[in-house]
file upload.cif (mmCIF, C-alpha atoms)
data_start
loop_
_atom_site.label_atom_id
_atom_site.label_comp_id
_atom_site.auth_asym_id
_atom_site.auth_seq_id
_atom_site.Cartn_x
_atom_site.Cartn_y
_atom_site.Cartn_z
CA GLY A 1 -1.12 15.42 110.06
CA ALA A 2 -2.94 12.32 109.02
CA ALA A 3 -2.21 10.94 105.57
CA PRO A 4 -4.87 11.78 102.97
CA GLU A 5 -7.28 9.01 102.16
CA ALA A 6 -6.78 7.24 98.84
CA TRP A 7 -9.30 8.19 96.18
CA VAL A 8 -11.92 5.53 95.66
CA PRO A 9 -14.01 5.66 92.48
CA SER A 10 -17.71 5.98 93.02
CA GLU A 11 -20.25 3.43 91.87
CA ILE A 12 -21.18 5.71 88.97
CA GLU A 13 -17.54 5.89 87.84
CA LEU A 14 -17.21 2.12 88.12
CA ALA A 15 -20.36 1.70 86.04
CA ARG A 16 -18.94 4.07 83.38
CA ARG A 17 -15.72 2.06 83.24
CA ALA A 18 -17.65 -1.17 82.83
CA VAL A 19 -19.67 0.31 79.97
CA ARG A 20 -16.51 1.57 78.26
CA LYS A 21 -14.90 -1.87 78.56
CA ARG A 22 -17.97 -3.55 77.05
CA MET A 23 -17.97 -1.05 74.17
CA ASP A 24 -14.24 -1.60 73.55
CA ARG A 25 -14.70 -5.38 73.52
CA ARG A 26 -17.64 -5.02 71.15
CA ARG A 27 -15.60 -2.86 68.74
CA ILE A 28 -12.71 -5.34 68.81
CA VAL A 29 -15.02 -8.26 68.05
CA ILE A 30 -16.72 -6.40 65.19
CA ALA A 31 -13.37 -5.30 63.71
CA THR A 32 -11.98 -8.83 63.94
CA VAL A 33 -15.01 -10.46 62.34
CA SER A 34 -15.16 -7.82 59.62
CA SER A 35 -11.45 -8.24 58.80
CA LEU A 36 -11.72 -12.03 58.69
CA VAL A 37 -14.73 -11.88 56.37
CA VAL A 38 -13.20 -9.34 53.96
CA PHE A 39 -9.67 -10.74 53.81
CA GLY A 40 -10.86 -14.33 53.94
CA GLY A 41 -13.19 -13.65 51.05
CA LEU A 42 -10.43 -12.08 48.98
CA ILE A 43 -8.07 -14.99 49.65
CA ALA A 44 -10.78 -17.52 48.82
CA LEU A 45 -11.53 -15.68 45.58
CA LEU A 46 -7.87 -15.84 44.59
CA VAL A 47 -7.11 -19.45 45.43
CA THR A 48 -10.34 -20.78 43.91
CA SER A 49 -10.00 -18.87 40.62
CA PRO A 50 -9.39 -21.07 37.55
CA GLY A 51 -6.03 -19.48 36.75
CA TRP A 52 -4.63 -19.41 40.29
CA GLN A 53 -2.03 -22.12 39.67
CA THR A 54 -0.71 -20.40 36.54
CA PHE A 55 -0.79 -17.01 38.27
CA GLN A 56 1.18 -18.37 41.22
CA GLU A 57 3.83 -19.94 38.99
CA THR A 58 4.14 -16.79 36.86
CA PHE A 59 4.26 -14.14 39.60
CA PHE A 60 5.22 -15.93 42.82
CA ASP A 61 7.83 -18.52 41.91
CA LEU A 62 9.82 -18.55 45.15
CA ALA A 63 12.75 -20.53 43.73
CA TYR A 64 13.14 -18.08 40.84
CA ALA A 65 12.69 -15.14 43.23
CA ARG A 66 15.65 -16.33 45.31
CA GLU A 67 17.67 -16.76 42.12
CA VAL A 68 17.13 -13.22 40.82
CA PHE A 69 16.99 -11.36 44.14
CA GLY A 70 20.72 -10.70 44.34
CA GLY A 71 20.93 -9.25 40.84
CA ILE A 72 17.91 -6.98 41.30
CA LEU A 73 19.13 -5.80 44.71
CA SER A 74 22.56 -5.01 43.26
CA ALA A 75 20.99 -3.02 40.41
CA PHE A 76 18.75 -1.24 42.91
CA LYS A 77 21.85 0.54 44.22
CA THR A 78 21.70 2.61 41.02
CA ASP A 79 18.24 3.80 42.05
CA LEU A 80 19.65 4.95 45.38
CA VAL A 81 22.53 6.80 43.68
CA ILE A 82 20.10 8.60 41.37
CA LEU A 83 17.85 9.35 44.34
CA PHE A 84 20.76 10.87 46.28
CA PHE A 85 21.98 13.21 43.56
CA SER A 86 18.50 14.15 42.34
CA THR A 87 17.49 15.06 45.92
CA ILE A 88 20.42 17.48 46.11
CA LEU A 89 19.65 19.03 42.71
CA ILE A 90 15.94 19.31 43.50
CA SER A 91 16.57 20.96 46.86
CA VAL A 92 18.85 23.64 45.40
CA LEU A 93 16.75 24.35 42.30
CA ALA A 94 13.40 24.28 44.15
CA MET A 95 14.62 26.68 46.83
CA ALA A 96 15.90 29.10 44.17
CA LEU A 97 12.60 28.93 42.27
CA ALA A 98 10.53 29.45 45.42
CA LEU A 99 12.60 32.47 46.46
CA LEU A 100 12.41 33.98 42.98
CA ARG A 101 8.64 33.53 42.85
CA THR A 102 8.11 35.17 46.24
CA THR A 103 10.59 38.04 46.00
CA ARG A 104 9.10 41.53 45.85
CA ALA A 105 12.06 43.37 44.34
CA ALA A 106 11.14 45.23 41.14
CA ALA A 107 14.42 44.34 39.46
CA SER A 108 13.67 40.63 39.81
CA ALA A 109 10.51 40.80 37.68
CA PRO A 110 12.06 39.00 34.67
CA PHE A 111 13.35 36.25 36.94
CA ARG A 112 9.90 35.86 38.49
CA ILE A 113 8.44 35.51 35.01
CA LEU A 114 11.06 32.93 34.02
CA SER A 115 10.61 30.93 37.24
CA THR A 116 6.83 30.95 36.80
CA GLY A 117 7.21 29.75 33.23
CA TYR A 118 9.58 27.01 34.38
CA VAL A 119 7.14 25.74 37.00
CA ASP A 120 4.23 25.81 34.55
CA LEU A 121 6.28 23.99 31.91
CA PHE A 122 7.60 21.14 34.01
CA ARG A 123 4.41 20.66 36.00
CA GLY A 124 2.49 20.42 32.72
CA ILE A 125 4.68 17.83 30.97
CA PRO A 126 4.54 14.20 32.19
CA LEU A 127 7.79 13.01 33.75
CA LEU A 128 8.03 10.17 31.24
CA LEU A 129 8.09 12.62 28.34
CA VAL A 130 10.70 14.78 30.08
CA LEU A 131 12.86 11.67 30.47
CA TYR A 132 12.61 10.95 26.75
CA LEU A 133 13.20 14.54 25.71
CA VAL A 134 16.16 15.15 28.02
CA GLY A 135 17.63 11.64 28.11
CA PHE A 136 17.63 11.15 24.34
CA GLY A 137 17.39 14.72 23.09
CA ILE A 138 20.43 16.32 24.73
CA PRO A 139 22.89 13.53 23.77
CA ALA A 140 21.46 13.73 20.21
CA LEU A 141 22.80 17.31 19.97
CA GLN A 142 26.31 15.78 19.92
CA ILE A 143 27.87 18.72 21.74
CA SER A 144 31.44 17.64 22.40
CA TRP A 145 31.73 18.99 25.94
CA LEU A 146 28.42 17.52 27.12
CA PRO A 147 28.39 13.98 28.61
CA THR A 148 26.18 11.36 26.99
CA SER A 149 25.47 9.22 30.08
CA THR A 150 21.81 8.24 30.17
CA MET A 151 22.04 7.85 33.94
CA LEU A 152 23.21 11.47 34.24
CA TRP A 153 20.52 12.89 31.98
CA GLY A 154 17.87 10.70 33.60
CA THR A 155 18.85 12.22 36.96
CA VAL A 156 18.67 15.70 35.43
CA ALA A 157 15.23 15.03 33.92
CA ILE A 158 13.81 13.80 37.22
CA SER A 159 15.34 16.77 39.05
CA LEU A 160 13.93 19.30 36.58
CA THR A 161 10.41 17.93 36.96
CA TYR A 162 10.37 17.43 40.71
CA ALA A 163 11.98 20.82 41.35
CA ALA A 164 8.85 22.45 39.92
CA TYR A 165 6.59 20.60 42.35
CA VAL A 166 8.84 21.03 45.39
CA ALA A 167 9.25 24.75 44.60
CA GLU A 168 5.49 25.20 44.84
CA VAL A 169 5.42 23.38 48.18
CA ILE A 170 8.15 25.64 49.57
CA ARG A 171 6.48 28.73 48.10
CA SER A 172 3.19 27.81 49.80
CA GLY A 173 5.06 27.55 53.10
CA ILE A 174 6.64 30.97 52.60
CA LEU A 175 3.30 32.56 51.73
CA SER A 176 1.68 30.97 54.80
CA ILE A 177 3.85 33.10 57.12
CA HIS A 178 1.82 36.08 58.31
CA PRO A 179 3.01 39.47 56.96
CA SER A 180 3.33 40.73 60.52
CA GLN A 181 6.38 38.45 60.88
CA ARG A 182 8.15 40.33 58.10
CA ALA A 183 7.03 43.70 59.46
CA ALA A 184 8.33 42.88 62.93
CA ALA A 185 11.66 41.71 61.56
CA ARG A 186 12.08 44.82 59.44
CA ALA A 187 11.16 47.00 62.44
CA LEU A 188 14.03 45.36 64.34
CA GLY A 189 16.43 46.44 61.61
CA LEU A 190 16.75 43.23 59.60
CA THR A 191 17.19 43.52 55.86
CA GLN A 192 14.86 41.79 53.41
CA GLY A 193 17.37 38.98 52.95
CA GLN A 194 17.97 38.57 56.67
CA THR A 195 14.23 38.51 57.29
CA MET A 196 13.77 35.73 54.76
CA ARG A 197 16.74 33.75 56.07
CA HIS A 198 16.25 34.05 59.83
CA VAL A 199 12.49 34.58 60.24
CA VAL A 200 10.42 33.40 57.27
CA LEU A 201 12.27 30.35 55.91
CA PRO A 202 12.74 28.50 59.24
CA GLN A 203 9.02 28.70 59.95
CA ALA A 204 8.01 27.96 56.37
CA LEU A 205 10.18 24.86 56.07
CA ARG A 206 8.86 23.42 59.33
CA ARG A 207 5.32 23.78 58.03
CA VAL A 208 5.99 21.99 54.74
CA VAL A 209 7.97 19.03 56.08
CA PRO A 210 5.04 16.56 55.70
CA PRO A 211 4.33 17.36 52.02
CA LEU A 212 8.06 17.37 51.30
CA LEU A 213 8.34 13.88 52.77
CA ASN A 214 5.45 12.78 50.56
CA ASP A 215 7.30 14.17 47.54
CA PHE A 216 10.41 12.28 48.62
CA VAL A 217 8.48 8.99 48.75
CA SER A 218 7.08 9.70 45.27
CA LEU A 219 10.58 10.55 44.03
CA LEU A 220 11.93 7.23 45.29
CA LYS A 221 9.33 5.38 43.22
CA ASP A 222 9.64 7.57 40.12
CA VAL A 223 13.40 7.06 40.00
CA ALA A 224 12.57 3.67 38.47
CA LEU A 225 11.29 5.47 35.36
CA VAL A 226 14.88 6.00 34.21
CA SER A 227 14.65 2.38 33.08
CA VAL A 228 13.02 3.68 29.87
CA LEU A 229 16.43 5.17 28.99
CA GLY A 230 18.11 1.79 29.42
CA VAL A 231 19.74 2.64 32.74
CA PRO A 232 20.61 -0.67 34.46
CA GLU A 233 18.69 -0.05 37.68
CA GLY A 234 16.41 -2.33 39.68
CA VAL A 235 13.30 -2.31 37.50
CA ARG A 236 15.38 -2.58 34.32
CA GLN A 237 17.18 -5.61 35.74
CA ALA A 238 13.83 -7.17 36.66
CA GLN A 239 12.67 -6.54 33.09
CA ILE A 240 15.75 -8.30 31.73
CA TYR A 241 15.14 -11.35 33.93
CA ALA A 242 11.45 -11.45 32.99
CA SER A 243 12.21 -11.24 29.26
CA GLU A 244 14.67 -14.11 29.56
CA SER A 245 12.33 -16.48 31.41
CA PHE A 246 8.85 -15.16 30.47
CA ASN A 247 8.18 -15.17 34.21
CA PHE A 248 7.05 -12.00 35.99
CA THR A 249 8.36 -12.94 39.44
CA PRO A 250 11.32 -10.50 39.08
CA TYR A 251 8.83 -7.62 38.92
CA VAL A 252 7.31 -8.76 42.21
CA VAL A 253 10.80 -8.94 43.74
CA ALA A 254 11.54 -5.38 42.57
CA ALA A 255 8.21 -4.19 43.97
CA ALA A 256 8.98 -5.84 47.32
CA ILE A 257 12.36 -4.05 47.51
CA PHE A 258 10.66 -0.70 46.93
CA LEU A 259 8.03 -1.50 49.55
CA VAL A 260 10.67 -2.27 52.18
CA ILE A 261 11.85 1.33 51.85
CA THR A 262 8.67 3.25 51.04
CA ILE A 263 6.40 1.82 53.75
CA PRO A 264 8.63 2.94 56.68
CA LEU A 265 9.01 6.35 55.01
CA THR A 266 5.23 6.59 54.67
CA ARG A 267 4.76 5.78 58.35
CA VAL A 268 7.35 8.43 59.27
CA THR A 269 5.47 10.93 57.12
CA ASP A 270 2.20 10.08 58.89
CA LYS A 271 3.81 10.60 62.30
CA VAL A 272 5.35 13.93 61.28
CA LEU A 273 2.00 15.09 59.89
CA ALA A 274 0.16 14.03 63.06
CA ARG A 275 2.73 15.84 65.20
CA ALA A 276 2.39 18.99 63.08
CA ILE A 277 -1.41 18.92 63.36
CA ALA A 278 -1.20 18.43 67.14
CA ARG A 279 1.24 21.33 67.44
CA GLN A 280 -0.98 23.63 65.38
CA SER A 281 -4.04 22.58 67.38
CA ALA A 282 -2.22 23.37 70.62
CA GLN A 283 -1.34 26.81 69.26
CA GLY A 284 -4.90 27.44 68.16
CA THR A 285 -3.98 27.69 64.48
CA ALA A 286 -5.55 24.52 63.19
#
call {"tool": "encode", "arguments": {"input": "upload.cif", "output": "structure tokens"}}
result
Amino acid sequence: GAAPEAWVPSEIELARRAVRKRMDRRRIVIATVSSLVVFGGLIALLVTSPGWQTFQETFFDLAYAREVFGGILSAFKTDLVILFFSTILISVLAMALALLRTTRAAASAPFRILSTGYVDLFRGIPLLLVLYLVGFGIPALQISWLPTSTMLWGTVAISLTYAAYVAEVIRSGILSIHPSQRAAARALGLTQGQTMRHVVLPQALRRVVPPLLNDFVSLLKDVALVSVLGVPEGVRQAQIYASESFNFTPYVVAAAIFLVITIPLTRVTDKVLARAIARQSAQGTA
């Protein structure tokens, strides 16, 4: 047979496309002008301020930044080590707390009470205070078989605090699974433990990936708080350089190193969240 004729847009469709193009161009122009006005105004305010020259020399001394960059970057490796081990400790402790708080067994009542008390305690005390109490308090006990490393106890303090928050995130994911999922699994002959392991937890963890990534980004930044214990990590090294020269450029260098890592992680978190929302919308659950 004859080949089908190619589709040709009607005049109405062509007019719609023209209108959409004009609207898109108008939005681009408005966004560009608005951005230039706002950012240009902020830049002008900075460079015309009376103390701009002093501010630039104190915070953005490029020669000094190049001088201290290597030392701060080397010390930043300590932050990554603390991040690695605290992530492992947090994952294990948070999962145990979440499971204890959601278990329905009568014999586990005292453990539910203890886990609830733990979460309330460490969510109620600022992380900085926990660092002081654990980092200085436990070594002060002078128990012979306990290590006195401030890096170790700083890692423990961060893990104790963040485990309480992460446990609540995981628990919310577990509670979001409809009870019919458990009932169906039990009807198929699965035990309570098998139901939790093979049915509830896989779904719950997928749902809480975005908030867990947000917690991970926050953890990466809060690792720097171990500097209050004297741990020679990135921020502490920047503080040493700044105290030697009375120049705050090392702090800006340390902040830039953190940004290089946290901004990509934040963008990944946004993409994962957008994908999760799209998936839920497609399933009719959003």
call {"tool": "closest_residue", "arguments": {"input": "upload.cif", "among": "A:Phe216, A:Phe248, A:Tyr165, A:Phe85", "to": "Asp61 in chain A", "atoms": "only C-alpha atoms"}}
result
A:Phe248
call {"tool": "residues_around", "arguments": {"input": "upload.cif", "residues": "range 115-130 of chain A", "least_positions_apart": "6", "cutoff": "6 Å", "atoms": "only C-alpha atoms", "output": "PDB file with C-alpha atoms, in the frame of the given file"}}
result
ATOM      1  CA  LEU A  97      12.600  28.930  42.270  1.00  0.00           C
ATOM      2  CA  ALA A 157      15.230  15.030  33.920  1.00  0.00           C
ATOM      3  CA  THR A 161      10.410  17.930  36.960  1.00  0.00           C
ATOM      4  CA  ALA A 164       8.850  22.450  39.920  1.00  0.00           C
TER       5      ALA A 164
END
call {"tool": "resolve_selection", "arguments": {"input": "upload.cif", "expression": "the PyMOL selection byres ((chain A and resi 67-74) around 7)", "output": "JSON, numbers by chain"}}
result
{"A": [63, 64, 65, 66, 75, 76, 77, 234, 237, 238, 250, 253, 254]}
call {"tool": "closest_residue", "arguments": {"input": "upload.cif", "among": "A:Pro110, A:Gly41, A:Gly51, A:Gly154", "to": "Glu233 in chain A", "atoms": "only C-alpha atoms"}}
result
A:Gly154
call {"tool": "resolve_selection", "arguments": {"input": "upload.cif", "expression": "the PyMOL selection byres ((chain A and resi 214) around 10)", "output": "number ranges by chain"}}
result
A: 209-213, 215-219, 265-266, 268-270
call {"tool": "closest_residue", "arguments": {"input": "upload.cif", "among": "A:Arg104, A:Gln194, A:Trp52, A:Val272", "to": "Arg206 in chain A", "atoms": "all atoms listed in the file"}}
result
A:Val272
